[in-house]
Structure formats: structure tokens, C-alpha cells
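Undergrad: query.tsv is reproduced in full below (TSV, C-alpha atoms).
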```
chain	number	residue	atom	x	y	z
A	240	MET	CA	108.91	105.68	119.39
A	241	LYS	CA	108.14	102.07	118.56
A	242	THR	CA	109.70	100.79	115.32
A	243	ILE	CA	108.05	98.00	113.34
A	244	PRO	CA	109.86	96.91	110.17
A	245	PHE	CA	107.89	95.71	107.18
A	246	ALA	CA	109.73	92.36	107.11
A	247	LYS	CA	112.04	90.64	109.59
A	248	PRO	CA	113.23	87.27	108.26
A	249	GLY	CA	115.92	87.11	110.95
A	250	ALA	CA	113.17	86.76	113.56
A	251	SER	CA	112.14	83.42	112.06
A	252	THR	CA	115.75	82.26	112.07
A	253	ALA	CA	116.11	83.20	115.73
A	254	LYS	CA	112.83	81.49	116.62
A	255	TYR	CA	113.87	78.18	115.05
A	256	ARG	CA	117.62	78.56	115.57
A	257	LYS	CA	118.10	75.28	117.44
A	258	SER	CA	116.46	73.23	114.68
A	259	ILE	CA	118.21	75.22	111.95
A	260	ASP	CA	121.64	74.82	113.61
A	261	ALA	CA	121.10	71.06	113.85
A	262	ALA	CA	120.12	70.95	110.16
A	263	ILE	CA	123.19	72.94	109.09
A	264	THR	CA	125.50	70.76	111.17
A	265	ARG	CA	123.94	67.65	109.65
A	266	VAL	CA	124.70	68.88	106.13
A	267	LEU	CA	128.23	69.99	106.97
A	268	ASP	CA	128.99	66.63	108.55
A	269	SER	CA	127.52	64.70	105.63
A	270	GLY	CA	130.03	65.98	103.07
A	271	TRP	CA	127.27	65.92	100.41
A	272	TYR	CA	126.02	69.36	99.36
A	273	ILE	CA	124.08	69.04	96.08
A	274	LEU	CA	121.01	66.85	95.37
A	275	GLY	CA	121.46	64.45	98.24
A	276	GLU	CA	119.28	62.98	100.96
A	277	GLU	CA	118.27	66.36	102.40
A	278	VAL	CA	116.69	67.44	99.12
A	279	LYS	CA	114.96	64.08	98.68
A	280	SER	CA	113.60	64.22	102.23
A	281	PHE	CA	112.34	67.78	101.90
A	282	GLU	CA	110.71	67.08	98.54
A	283	ALA	CA	108.80	64.14	99.99
A	284	ASN	CA	107.77	65.99	103.16
A	285	PHE	CA	106.73	69.17	101.36
A	286	ALA	CA	104.63	67.21	98.85
A	287	SER	CA	102.97	65.36	101.72
A	288	TRP	CA	102.27	68.62	103.57
A	289	LEU	CA	100.65	70.08	100.45
A	290	GLY	CA	98.67	66.97	99.63
A	291	SER	CA	100.52	66.62	96.34
A	292	LYS	CA	102.02	63.43	94.93
A	293	TYR	CA	105.40	64.95	94.07
A	294	SER	CA	107.58	68.00	94.53
A	295	VAL	CA	110.96	68.87	93.03
A	296	GLY	CA	113.28	71.36	94.71
A	297	VAL	CA	114.75	74.06	92.44
A	298	ALA	CA	116.95	77.13	92.82
A	299	ASN	CA	114.23	79.78	93.21
A	300	GLY	CA	110.59	80.59	92.60
A	301	THR	CA	111.15	82.06	89.15
A	302	ASP	CA	112.84	78.87	88.02
A	303	ALA	CA	109.91	76.91	89.44
A	304	ILE	CA	107.59	78.68	86.99
A	305	ILE	CA	110.09	78.20	84.16
A	306	LEU	CA	110.32	74.45	84.83
A	307	SER	CA	106.53	74.20	85.08
A	308	LEU	CA	106.07	75.87	81.70
A	309	ARG	CA	108.86	73.93	80.03
A	310	ALA	CA	107.50	70.65	81.40
A	311	LEU	CA	104.19	71.53	79.71
A	312	GLY	CA	106.02	72.12	76.44
A	313	VAL	CA	105.62	75.91	76.41
A	314	GLY	CA	108.31	77.65	74.36
A	315	PRO	CA	109.06	80.13	71.58
A	316	GLY	CA	106.02	81.20	69.60
A	317	ASP	CA	103.61	80.27	72.39
A	318	TRP	CA	101.47	82.50	74.59
A	319	VAL	CA	100.66	82.30	78.30
A	320	VAL	CA	97.79	84.08	80.06
A	321	THR	CA	98.47	85.52	83.51
A	322	VAL	CA	97.94	88.74	85.48
A	323	SER	CA	99.71	92.08	85.46
A	324	SER	CA	99.14	92.55	89.20
A	325	THR	CA	101.93	90.25	90.38
A	326	ALA	CA	105.61	90.11	91.12
A	327	VAL	CA	107.39	90.62	87.82
A	328	ALA	CA	108.91	87.14	88.24
A	329	THR	CA	105.69	85.59	86.96
A	330	VAL	CA	105.94	87.36	83.61
A	331	SER	CA	109.74	87.14	83.54
A	332	ALA	CA	109.46	83.34	83.65
A	333	VAL	CA	107.16	83.38	80.62
A	334	ASP	CA	109.67	85.53	78.75
A	335	LEU	CA	112.58	83.30	79.78
A	336	VAL	CA	111.02	80.21	78.17
A	337	GLY	CA	110.68	82.19	74.93
A	338	ALA	CA	106.91	82.63	75.15
A	339	ARG	CA	104.91	85.84	75.45
A	340	ALA	CA	102.31	86.87	77.99
A	341	ILE	CA	98.72	88.01	77.71
A	342	LEU	CA	97.89	89.89	80.91
A	343	VAL	CA	94.34	90.08	82.24
A	344	ASP	CA	92.55	92.13	84.87
A	345	ILE	CA	91.89	91.15	88.48
A	346	ASP	CA	88.86	90.60	90.67
A	347	PRO	CA	89.00	93.60	93.06
A	348	LYS	CA	87.85	91.60	96.09
A	349	ARG	CA	90.23	88.66	95.80
A	350	MET	CA	92.95	90.80	94.13
A	351	THR	CA	93.65	87.82	91.86
A	352	MET	CA	92.81	86.81	88.28
A	353	SER	CA	89.28	87.67	87.21
A	354	PRO	CA	87.61	84.62	85.61
A	355	ALA	CA	85.52	86.95	83.45
A	356	ALA	CA	88.64	88.77	82.22
A	357	LEU	CA	90.30	85.43	81.51
A	358	LYS	CA	87.34	84.27	79.44
A	359	GLU	CA	87.31	87.57	77.54
A	360	ALA	CA	91.03	87.32	76.75
A	361	LEU	CA	90.79	83.72	75.57
A	362	GLU	CA	88.08	84.79	73.13
A	363	GLN	CA	89.91	87.96	72.10
A	364	TYR	CA	93.14	86.09	71.37
A	365	LYS	CA	91.74	82.72	70.29
A	366	ASP	CA	93.86	82.77	67.13
A	367	LEU	CA	97.08	82.76	69.16
A	368	ALA	CA	98.83	79.62	70.40
A	369	ILE	CA	97.87	79.93	74.07
A	370	LYS	CA	99.56	77.00	75.81
A	371	ALA	CA	99.11	77.75	79.52
A	372	ILE	CA	97.34	79.86	82.11
A	373	VAL	CA	99.39	80.94	85.15
A	374	VAL	CA	97.15	81.72	88.11
A	375	VAL	CA	98.77	83.73	90.91
A	376	HIS	CA	97.46	83.23	94.45
A	377	LEU	CA	98.51	86.72	95.47
A	378	TYR	CA	99.22	87.90	99.04
A	379	GLY	CA	98.22	84.49	100.40
A	380	HIS	CA	94.60	84.57	99.19
A	381	PRO	CA	93.49	81.86	96.75
A	382	ALA	CA	92.39	82.89	93.29
A	383	ASP	CA	88.96	81.72	92.11
A	384	ILE	CA	90.61	78.50	91.01
A	385	GLU	CA	87.44	76.48	90.45
A	386	ALA	CA	86.00	79.02	88.01
A	387	ILE	CA	89.35	79.42	86.29
A	388	LEU	CA	89.80	75.66	85.89
A	389	SER	CA	86.32	75.39	84.39
A	390	ILE	CA	87.16	78.05	81.78
A	391	ALA	CA	90.57	76.48	81.10
A	392	ALA	CA	88.97	73.08	80.53
A	393	GLU	CA	86.56	74.61	78.03
A	394	TYR	CA	89.54	75.78	75.96
A	395	GLY	CA	91.78	72.77	76.67
A	396	ILE	CA	94.53	74.86	78.29
A	397	PRO	CA	96.54	73.59	81.31
A	398	VAL	CA	96.69	75.69	84.47
A	399	VAL	CA	99.90	76.47	86.34
A	400	GLU	CA	99.44	77.70	89.91
A	401	ASP	CA	101.91	80.32	91.12
A	402	CYS	CA	101.88	79.67	94.87
A	403	ALA	CA	104.95	81.74	95.78
A	404	GLN	CA	102.90	83.70	98.32
A	405	ALA	CA	100.38	81.07	99.33
A	406	HIS	CA	101.98	78.10	101.09
A	407	GLY	CA	99.05	76.38	102.77
A	408	ALA	CA	96.21	78.54	101.44
A	409	GLN	CA	93.10	76.49	100.74
A	410	VAL	CA	89.86	76.42	98.79
A	411	ASN	CA	87.16	74.25	100.36
A	412	GLY	CA	89.81	72.41	102.35
A	413	LYS	CA	92.01	71.63	99.33
A	414	THR	CA	95.43	73.27	99.28
A	415	VAL	CA	96.30	75.65	96.47
A	416	GLY	CA	98.89	74.11	94.19
A	417	THR	CA	96.98	70.83	94.06
A	418	TRP	CA	94.17	72.08	91.81
A	419	GLY	CA	95.89	72.74	88.49
A	420	LYS	CA	98.19	70.67	86.33
A	421	ILE	CA	101.38	71.84	88.03
A	422	ALA	CA	102.38	74.43	90.65
A	423	SER	CA	105.36	76.58	91.56
A	424	TYR	CA	106.58	77.73	94.99
A	425	SER	CA	109.18	80.20	96.24
A	426	PHE	CA	111.16	79.92	99.48
A	427	TYR	CA	112.60	83.43	99.41
A	428	PRO	CA	113.45	84.35	103.04
A	429	THR	CA	110.30	86.43	103.63
A	430	LYS	CA	107.85	83.81	102.31
A	431	ASN	CA	105.57	81.91	104.68
A	432	LEU	CA	108.09	79.08	104.39
A	433	GLY	CA	111.39	80.84	103.86
A	434	ALA	CA	114.93	79.60	103.34
A	435	ILE	CA	118.08	81.44	104.40
A	436	GLY	CA	118.79	82.34	100.80
A	437	ASP	CA	116.96	81.40	97.61
A	438	GLY	CA	114.97	78.28	96.93
A	439	GLY	CA	111.88	77.03	95.15
A	440	ALA	CA	109.88	73.95	94.23
A	441	VAL	CA	107.53	72.52	91.65
A	442	GLY	CA	104.60	70.33	92.68
A	443	THR	CA	102.33	68.04	90.67
A	444	ASP	CA	100.50	64.71	90.71
A	445	ASP	CA	101.51	64.01	87.11
A	446	ASP	CA	104.21	61.35	86.70
A	447	GLU	CA	105.32	62.56	83.28
A	448	LEU	CA	105.51	66.22	84.28
A	449	ILE	CA	107.54	65.54	87.42
A	450	ASP	CA	109.95	63.38	85.41
A	451	ARG	CA	110.44	66.21	82.92
A	452	CYS	CA	111.00	68.69	85.76
A	453	ARG	CA	113.69	66.48	87.29
A	454	LEU	CA	115.41	66.22	83.91
A	455	ILE	CA	115.19	69.94	83.14
A	456	ARG	CA	116.45	70.86	86.63
A	457	GLN	CA	119.88	69.37	85.89
A	458	TYR	CA	120.84	69.67	82.22
A	459	GLY	CA	118.35	67.03	81.06
A	460	TRP	CA	120.36	64.30	82.77
A	461	ARG	CA	118.86	60.99	83.77
A	462	LYS	CA	122.28	59.40	83.50
A	463	ARG	CA	125.04	61.79	84.58
A	464	TYR	CA	126.61	63.78	81.72
A	465	ILE	CA	124.07	62.45	79.17
A	466	SER	CA	121.33	64.99	78.35
A	467	GLU	CA	118.12	63.30	77.22
A	468	ILE	CA	116.54	66.73	76.69
A	469	SER	CA	117.82	70.29	76.86
A	470	GLY	CA	117.95	71.40	80.48
A	471	MET	CA	119.34	73.98	82.87
A	472	ASN	CA	120.99	74.23	86.26
A	473	SER	CA	118.34	74.90	88.90
A	474	ARG	CA	119.05	72.82	91.98
A	475	LEU	CA	117.83	73.38	95.52
A	476	ASP	CA	121.01	72.80	97.51
A	477	GLU	CA	121.30	70.49	100.50
A	478	MET	CA	121.77	73.30	103.01
A	479	GLN	CA	118.59	75.15	102.06
A	480	ALA	CA	116.64	71.88	101.87
A	481	ALA	CA	117.74	70.99	105.40
A	482	ILE	CA	116.79	74.45	106.70
A	483	LEU	CA	113.38	74.23	105.03
A	484	SER	CA	112.86	70.79	106.54
A	485	ALA	CA	113.63	72.25	109.96
A	486	LYS	CA	110.98	74.96	109.50
A	487	LEU	CA	108.28	72.99	107.66
A	488	PRO	CA	106.78	71.38	110.81
A	489	PHE	CA	105.95	74.86	112.10
A	490	LEU	CA	104.41	76.25	108.90
A	491	SER	CA	100.77	75.57	109.79
A	492	GLU	CA	101.30	77.18	113.19
A	493	ASP	CA	102.96	80.21	111.60
A	494	ASN	CA	100.13	80.57	109.08
A	495	ALA	CA	97.63	80.49	111.94
A	496	ARG	CA	99.57	83.27	113.67
A	497	ARG	CA	99.45	85.38	110.50
A	498	ARG	CA	95.66	84.98	110.54
A	499	GLU	CA	95.56	86.10	114.18
A	500	ILE	CA	97.51	89.24	113.27
A	501	ALA	CA	95.17	89.91	110.35
A	502	ALA	CA	92.18	89.64	112.70
A	503	ILE	CA	93.73	92.28	114.95
A	504	TYR	CA	94.35	94.60	111.99
A	505	GLN	CA	90.71	94.24	110.97
A	506	LYS	CA	89.77	96.17	114.11
A	507	ALA	CA	91.06	99.38	112.49
A	508	GLN	CA	87.73	100.34	110.94
A	509	ASN	CA	88.74	103.71	109.57
A	510	PRO	CA	86.52	104.77	106.61
A	511	LEU	CA	89.65	105.81	104.71
A	512	LEU	CA	90.85	102.20	104.64
A	513	ILE	CA	89.77	99.12	102.68
A	514	HIS	CA	90.82	95.91	104.41
A	515	PRO	CA	91.45	92.63	102.60
A	516	THR	CA	88.63	90.10	102.76
A	517	GLU	CA	88.49	86.32	102.69
A	518	ALA	CA	86.25	84.79	100.04
A	519	GLU	CA	83.76	82.11	101.08
A	520	GLY	CA	85.38	78.69	101.34
A	521	CYS	CA	88.89	80.15	101.28
A	522	TYR	CA	91.69	79.95	103.84
A	523	HIS	CA	93.87	83.06	103.54
A	524	VAL	CA	97.47	82.65	104.82
A	525	TYR	CA	98.28	86.38	104.74
A	526	HIS	CA	101.71	86.40	103.17
A	527	GLN	CA	100.88	90.10	102.91
A	528	TYR	CA	98.17	92.22	104.47
A	529	GLY	CA	97.13	94.30	101.48
A	530	LEU	CA	95.47	97.46	102.78
A	531	GLN	CA	93.92	99.80	100.21
A	532	SER	CA	93.26	103.51	100.44
A	533	GLU	CA	92.56	106.28	97.96
A	534	HIS	CA	95.07	108.23	100.06
A	535	ARG	CA	97.75	105.52	99.92
A	536	ASP	CA	100.80	107.80	99.72
A	537	ALA	CA	99.62	109.92	102.64
A	538	LEU	CA	98.92	106.74	104.64
A	539	VAL	CA	102.39	105.33	103.96
A	540	ALA	CA	104.01	108.63	104.99
A	541	PHE	CA	101.88	108.85	108.14
A	542	LEU	CA	102.76	105.31	109.23
A	543	ALA	CA	106.44	105.94	108.54
A	544	GLU	CA	106.31	108.90	110.92
A	545	LYS	CA	104.94	106.50	113.51
A	546	GLY	CA	107.82	104.04	112.96
A	547	ILE	CA	105.78	101.55	110.90
A	548	THR	CA	107.31	100.54	107.58
A	549	THR	CA	104.92	99.43	104.83
A	550	GLY	CA	105.53	97.69	101.50
A	551	LEU	CA	104.33	98.94	98.12
A	552	LEU	CA	103.50	95.69	96.33
A	553	TYR	CA	103.16	96.29	93.40
A	554	PRO	CA	103.18	100.01	92.54
A	555	MET	CA	103.40	99.56	88.76
A	556	PRO	CA	101.55	96.77	86.93
A	557	VAL	CA	103.79	94.67	84.73
A	558	HIS	CA	102.08	95.77	81.51
A	559	LEU	CA	103.13	99.38	82.24
A	560	GLN	CA	106.75	98.62	83.15
A	561	PRO	CA	109.34	99.69	80.54
A	562	GLY	CA	111.02	96.29	80.40
A	563	TYR	CA	107.81	94.42	79.56
A	564	SER	CA	105.31	96.85	78.05
A	565	GLU	CA	106.42	95.99	74.50
A	566	LEU	CA	106.56	92.23	75.18
A	567	VAL	CA	103.01	91.62	76.39
A	568	LYS	CA	99.41	91.94	75.26
A	569	THR	CA	96.61	92.90	77.64
A	570	GLY	CA	92.94	92.17	78.05
A	571	SER	CA	90.61	94.93	76.89
A	572	ASP	CA	90.21	96.47	80.33
A	573	MET	CA	92.92	96.64	83.03
A	574	SER	CA	91.14	99.24	85.15
A	575	GLU	CA	90.97	97.19	88.36
A	576	THR	CA	94.66	96.33	88.08
A	577	VAL	CA	95.65	99.97	87.68
A	578	LYS	CA	93.36	101.13	90.49
A	579	HIS	CA	94.73	98.42	92.77
A	580	SER	CA	98.34	99.46	92.07
A	581	GLU	CA	97.53	103.04	93.04
A	582	ARG	CA	95.78	102.16	96.30
A	583	ILE	CA	97.62	99.18	97.77
A	584	SER	CA	100.16	99.17	100.58
A	585	CYS	CA	101.04	96.23	102.79
A	586	LEU	CA	101.31	96.26	106.57
A	587	PRO	CA	103.98	94.33	108.48
A	588	ILE	CA	102.74	90.77	108.96
A	589	TYR	CA	105.02	88.00	110.15
A	590	PRO	CA	104.47	85.47	112.93
A	591	GLU	CA	106.98	87.04	115.30
A	592	LEU	CA	105.03	90.30	115.65
A	593	THR	CA	103.63	90.66	119.15
A	594	ASN	CA	100.02	91.53	119.91
A	595	GLU	CA	101.35	94.77	121.37
A	596	ASP	CA	102.99	95.57	118.01
A	597	CYS	CA	99.75	94.83	116.19
A	598	GLU	CA	97.62	96.91	118.54
A	599	TYR	CA	100.01	99.82	118.02
A	600	VAL	CA	99.50	99.50	114.24
A	601	VAL	CA	95.73	99.51	114.77
A	602	GLU	CA	95.99	102.59	116.98
A	603	CYS	CA	97.95	104.43	114.27
A	604	LEU	CA	95.53	103.35	111.53
A	605	MET	CA	92.63	104.71	113.54
A	606	GLU	CA	94.45	108.04	113.90
A	607	PHE	CA	94.99	108.43	110.16
A	608	LYS	CA	93.06	111.25	108.51
A	609	VAL	CA	93.42	113.58	105.51
```
For this file, produce the structure as C-alpha cells.

TA:
Amino acid sequence: MKTIPFAKPGASTAKYRKSIDAAITRVLDSGWYILGEEVKSFEANFASWLGSKYSVGVANGTDAIILSLRALGVGPGDWVVTVSSTAVATVSAVDLVGARAILVDIDPKRMTMSPAALKEALEQYKDLAIKAIVVVHLYGHPADIEAILSIAAEYGIPVVEDCAQAHGAQVNGKTVGTWGKIASYSFYPTKNLGAIGDGGAVGTDDDELIDRCRLIRQYGWRKRYISEISGMNSRLDEMQAAILSAKLPFLSEDNARRREIAAIYQKAQNPLLIHPTEAEGCYHVYHQYGLQSEHRDALVAFLAEKGITTGLLYPMPVHLQPGYSELVKTGSDMSETVKHSERISCLPIYPELTNEDCEYVVECLMEFKV
């Protein structure tokens, strides 16, 4: 029986092993391992690839959100609006800066923040000190960023883009992460651009914000050992920066391959399945292929029997999780979020999958019945 794992980050390492080995050797030979030329080079190249003026490498994607919020001045006593249908890291970052989250419902087609739910929450909680909106471009599909920015401007609230799953996704030809005030990225090994370990980045066109991010990243230092502001230790190390630089030139090609795989999966037109769609003007980079079914658990079990491992992302919305349920407020209606969490499962989707693998998945999906 064919076996297809849900994720296989080692396949990317093997594919780019020659470039990665050269990058590792370069760092080892340099004798400089923290905040050196490799980090500077990657920051410049990643910003250029995004179409952003600046990027700052940090330790991980969660820290990238923390630095983004802190750079905007968000802290204790403040509130941040985001979604409950996300990796818990998004809400964890809000908590870690001392703020609290207001979680709103999603648009069922995009599976991202509903502009209408955002507007409703801003009215419902207008007496609170709402200092930021964190928009998550989930699964690689852009949120309705233009509508969200319009609402945010009406209330004078800056927008942070959480692009952990959306490296290279676009709206009308403009890359996500370059729309809002500041953006965060994750380079966890399974991301579209993945390190061999943890890593993250912040991106912005704002000179003042990027300066604050650089200070916060390393104890608030501009001059070594002298903290101008309170900071933290969140540095992308030289080794990971070099590895990311080795893989960055292939990111557009890898994203295109993910789209090819998604197109193959779309052939499985089983009435028990709801495939993800791509909104008009959007370029989906398919970090995940979020397949929905009212018979999700049976589907997952059936595919497992066929040797296909799926991912349950995310089976419990953040507002229902024990660690956060008492720390957040919600919009008046979270029905789409809850329904989504009960129906979603994600198929294997990484550039190294063969067409034969994908056709086998389609064959199994067509066989599924209840």
C-alpha cells in the first residue's frame, strides 16, 4: 500500500541539499554565528522578494507577532482583534505582550477574518482600548485585506498581517504582508519557506517601526549593553538565515508546484467533499489544502486506511480552548468558526509530492462514501 505522510520537511532538505550544505559550510567557516552578514543578507533579500522595504529576522513566528505588536505600542490594558480559527500562536502572542484578544468569526469561503464580523466587533467593543487588528492569511489564502483595511482606517486602528502560512500569496498582484502597517512570518520547517529549525521575520515599510523591531529583538540595544528601551532576545541565527537564503530563490517555483497539486486535488468532485476555493484577484499558495466534509472524522479514518495521513488544523477554536477561553472576548456569533473546526481536514501538500501520489489521493477521495 502506498504511504503518503501529511508533511515531509526532509524532502525539501534533500531537494536543495547542495545549496544548503554550501550555506552551512559558509557559516561554519565564518566563525560568526549570531546577527552577522548572513542575517543581513537574508533580511534584504526576503524584503526584496516580498516587495517590502525592510525585514528583520527573529527567532520564530510567534516572536514576529510579539515584536510587531510591541513596535506598535500594544501592551498591558490594550485589546487586539483577531480570529479564533488560527494557530494558537496568534492569540498567544497577544497574551505575551500583556494585551487581550477579541476573536471574531470567519468568512466561510476564504476561511479567514470576516470583514462584517470585524466591523460588528469594533462597534460592540468600541469602549475598549483596541490598539491593533491581526489578520491571519490562513492556509495560504489571502484574507479580504482591502475590506479589512478600509474598516480599520475608519476606526484608526493599525493592521498587522500574520503571514506565517502565506509566503508569496497575493491580492491583485500585491504580496500579502505589504498591505498593512507591519507583518509577521514564520519559517517553521513545514512552511512554504522553511528553516531547519525555528525562525521568523517581521516586515514593514515604516522606518520607525523597523527601528523599534531591531531594538526589541536584542534587549533594546542600539549600542551594545545599553538598552534604549525594554527588549527581549529573539534573534534569527546565522545558520538558519543562510539556509533560508539557500532556499529563497526556489520559493516561487515551490509555490507554483503547490498550486499544481491543488489543481489535481480539485478533480476529486465527490459530493461529500467541499474543496477550498480561490477568491477573485487572489493568488493562493496552498500552505495547506483545507478540505471540508460533514463526515470529516470518517474521511480522515478512511484516508488513513489507504495510507494517506491528514492534518486536523485546527480542531478546536482558540476561544473554546481551556488555556484561553477565560482570557478572550468573542464577537456575537462564532458559528462559522465552530462549523469550520468540525469539518476541516488538510491533505498532504508539499512540492515534493509526485503527480502519481496526488492522483492516488484523488482516487481515494472519489472512493469515499458513508

Undergrad: List the spatial neighbours of Ile396 of chain A as a list in words - criterion: any atom at most 8 Å away, only C-alpha atoms, same-chain residues fewer than 3 positions off excluded.

TA: Ile369, Lys370, Ala371, Ile372, Ala391, Ala392 and Glu393 of chain A

Undergrad: Quick one: residues within 10 Å of Gly316 of chain A, all atoms listed in the file counted, chain neighbours fewer than 6 positions away excluded, as an NGL selection string?

TA: :A and (336-339 or 367-370)

Undergrad: Tell me which protein, DNA and RNA residues are within 10 Å of Tyr553 of chain A, counting only C-alpha atoms, leaving out same-chain ones fewer than 6 positions away, and put them as a PDB file with C-alpha atoms, in the frame of the given file.

TA:
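Just written: result-v5.pdb:
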```pdb
ATOM      1  CA  SER A 323      99.710  92.080  85.460  1.00  0.00           C
ATOM      2  CA  SER A 324      99.140  92.550  89.200  1.00  0.00           C
ATOM      3  CA  THR A 325     101.930  90.250  90.380  1.00  0.00           C
ATOM      4  CA  ALA A 326     105.610  90.110  91.120  1.00  0.00           C
ATOM      5  CA  VAL A 327     107.390  90.620  87.820  1.00  0.00           C
ATOM      6  CA  HIS A 579      94.730  98.420  92.770  1.00  0.00           C
ATOM      7  CA  SER A 580      98.340  99.460  92.070  1.00  0.00           C
ATOM      8  CA  GLU A 581      97.530 103.040  93.040  1.00  0.00           C
ATOM      9  CA  ARG A 582      95.780 102.160  96.300  1.00  0.00           C
ATOM     10  CA  ILE A 583      97.620  99.180  97.770  1.00  0.00           C
ATOM     11  CA  SER A 584     100.160  99.170 100.580  1.00  0.00           C
ATOM     12  CA  CYS A 585     101.040  96.230 102.790  1.00  0.00           C
TER      13      CYS A 585
END
```

Undergrad: Quick one: residues within 7 Å of Leu377 of chain A, all atoms listed in the file counted, chain neighbours fewer than 2 positions away excluded, as an mmCIF file with C-alpha atoms, in the frame of the given file?

TA:
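And here is the file that came out, selection-v7.cif:
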```cif
data_model
loop_
_atom_site.group_PDB
_atom_site.id
_atom_site.type_symbol
_atom_site.label_atom_id
_atom_site.label_comp_id
_atom_site.auth_asym_id
_atom_site.auth_seq_id
_atom_site.Cartn_x
_atom_site.Cartn_y
_atom_site.Cartn_z
ATOM 1 C CA THR A 351 93.650 87.820 91.860
ATOM 2 C CA VAL A 375 98.770 83.730 90.910
ATOM 3 C CA GLY A 379 98.220 84.490 100.400
ATOM 4 C CA HIS A 380 94.600 84.570 99.190
ATOM 5 C CA GLN A 404 102.900 83.700 98.320
#
```

Undergrad: Please measure the separation of atom CA of Met478 of chain A and atom CA of Val266 of chain A, giving the value in Å to one decimal.

TA: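 Separation of atom CA of Met478 of chain A and atom CA of Val266 of chain A: 6.2 Å.
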
Undergrad: Please produce, as CSV, a per-residue contact table for segment 429-496 of chain A versus segment 526-537 of chain A (criterion: any atom at most 10 Å away, only C-alpha atoms considered), showing the nearest atom pair and its distance in Å to one decimal, sorted by chain then residue number.

TA:
```
residue,atom,partner,partner_atom,distance
A:Thr429,CA,A:His526,CA,8.6
A:Lys430,CA,A:His526,CA,6.7
A:Asn431,CA,A:His526,CA,6.1
A:Leu432,CA,A:His526,CA,9.8
A:Asn494,CA,A:His526,CA,8.5
```

Undergrad: Using only C-alpha atoms, find the one residue out of A:Pro244, A:Gly470, A:Pro354, A:Pro488 that sits nearest to Leu586 of chain A.

TA: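 Answer, going by the shortest atom-to-atom distance: A:Pro244.
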
Undergrad: Quick one: everything within 8 Å of Asp344 of chain A, counting all atoms listed in the file, minus sequence neighbours fewer than 4 positions away in the same chain. Send it as an MDAnalysis selection string.

TA: chainID A and resid 322:324 352:353 356:357 570 572:576

Undergrad: So, with all atoms listed in the file as the atoms that count, which of A:Arg451, A:Lys545, A:Arg497, A:Lys568 lies closest to Val295 of chain A?

TA: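 Under the stated criterion, the closest residue is A:Arg451.
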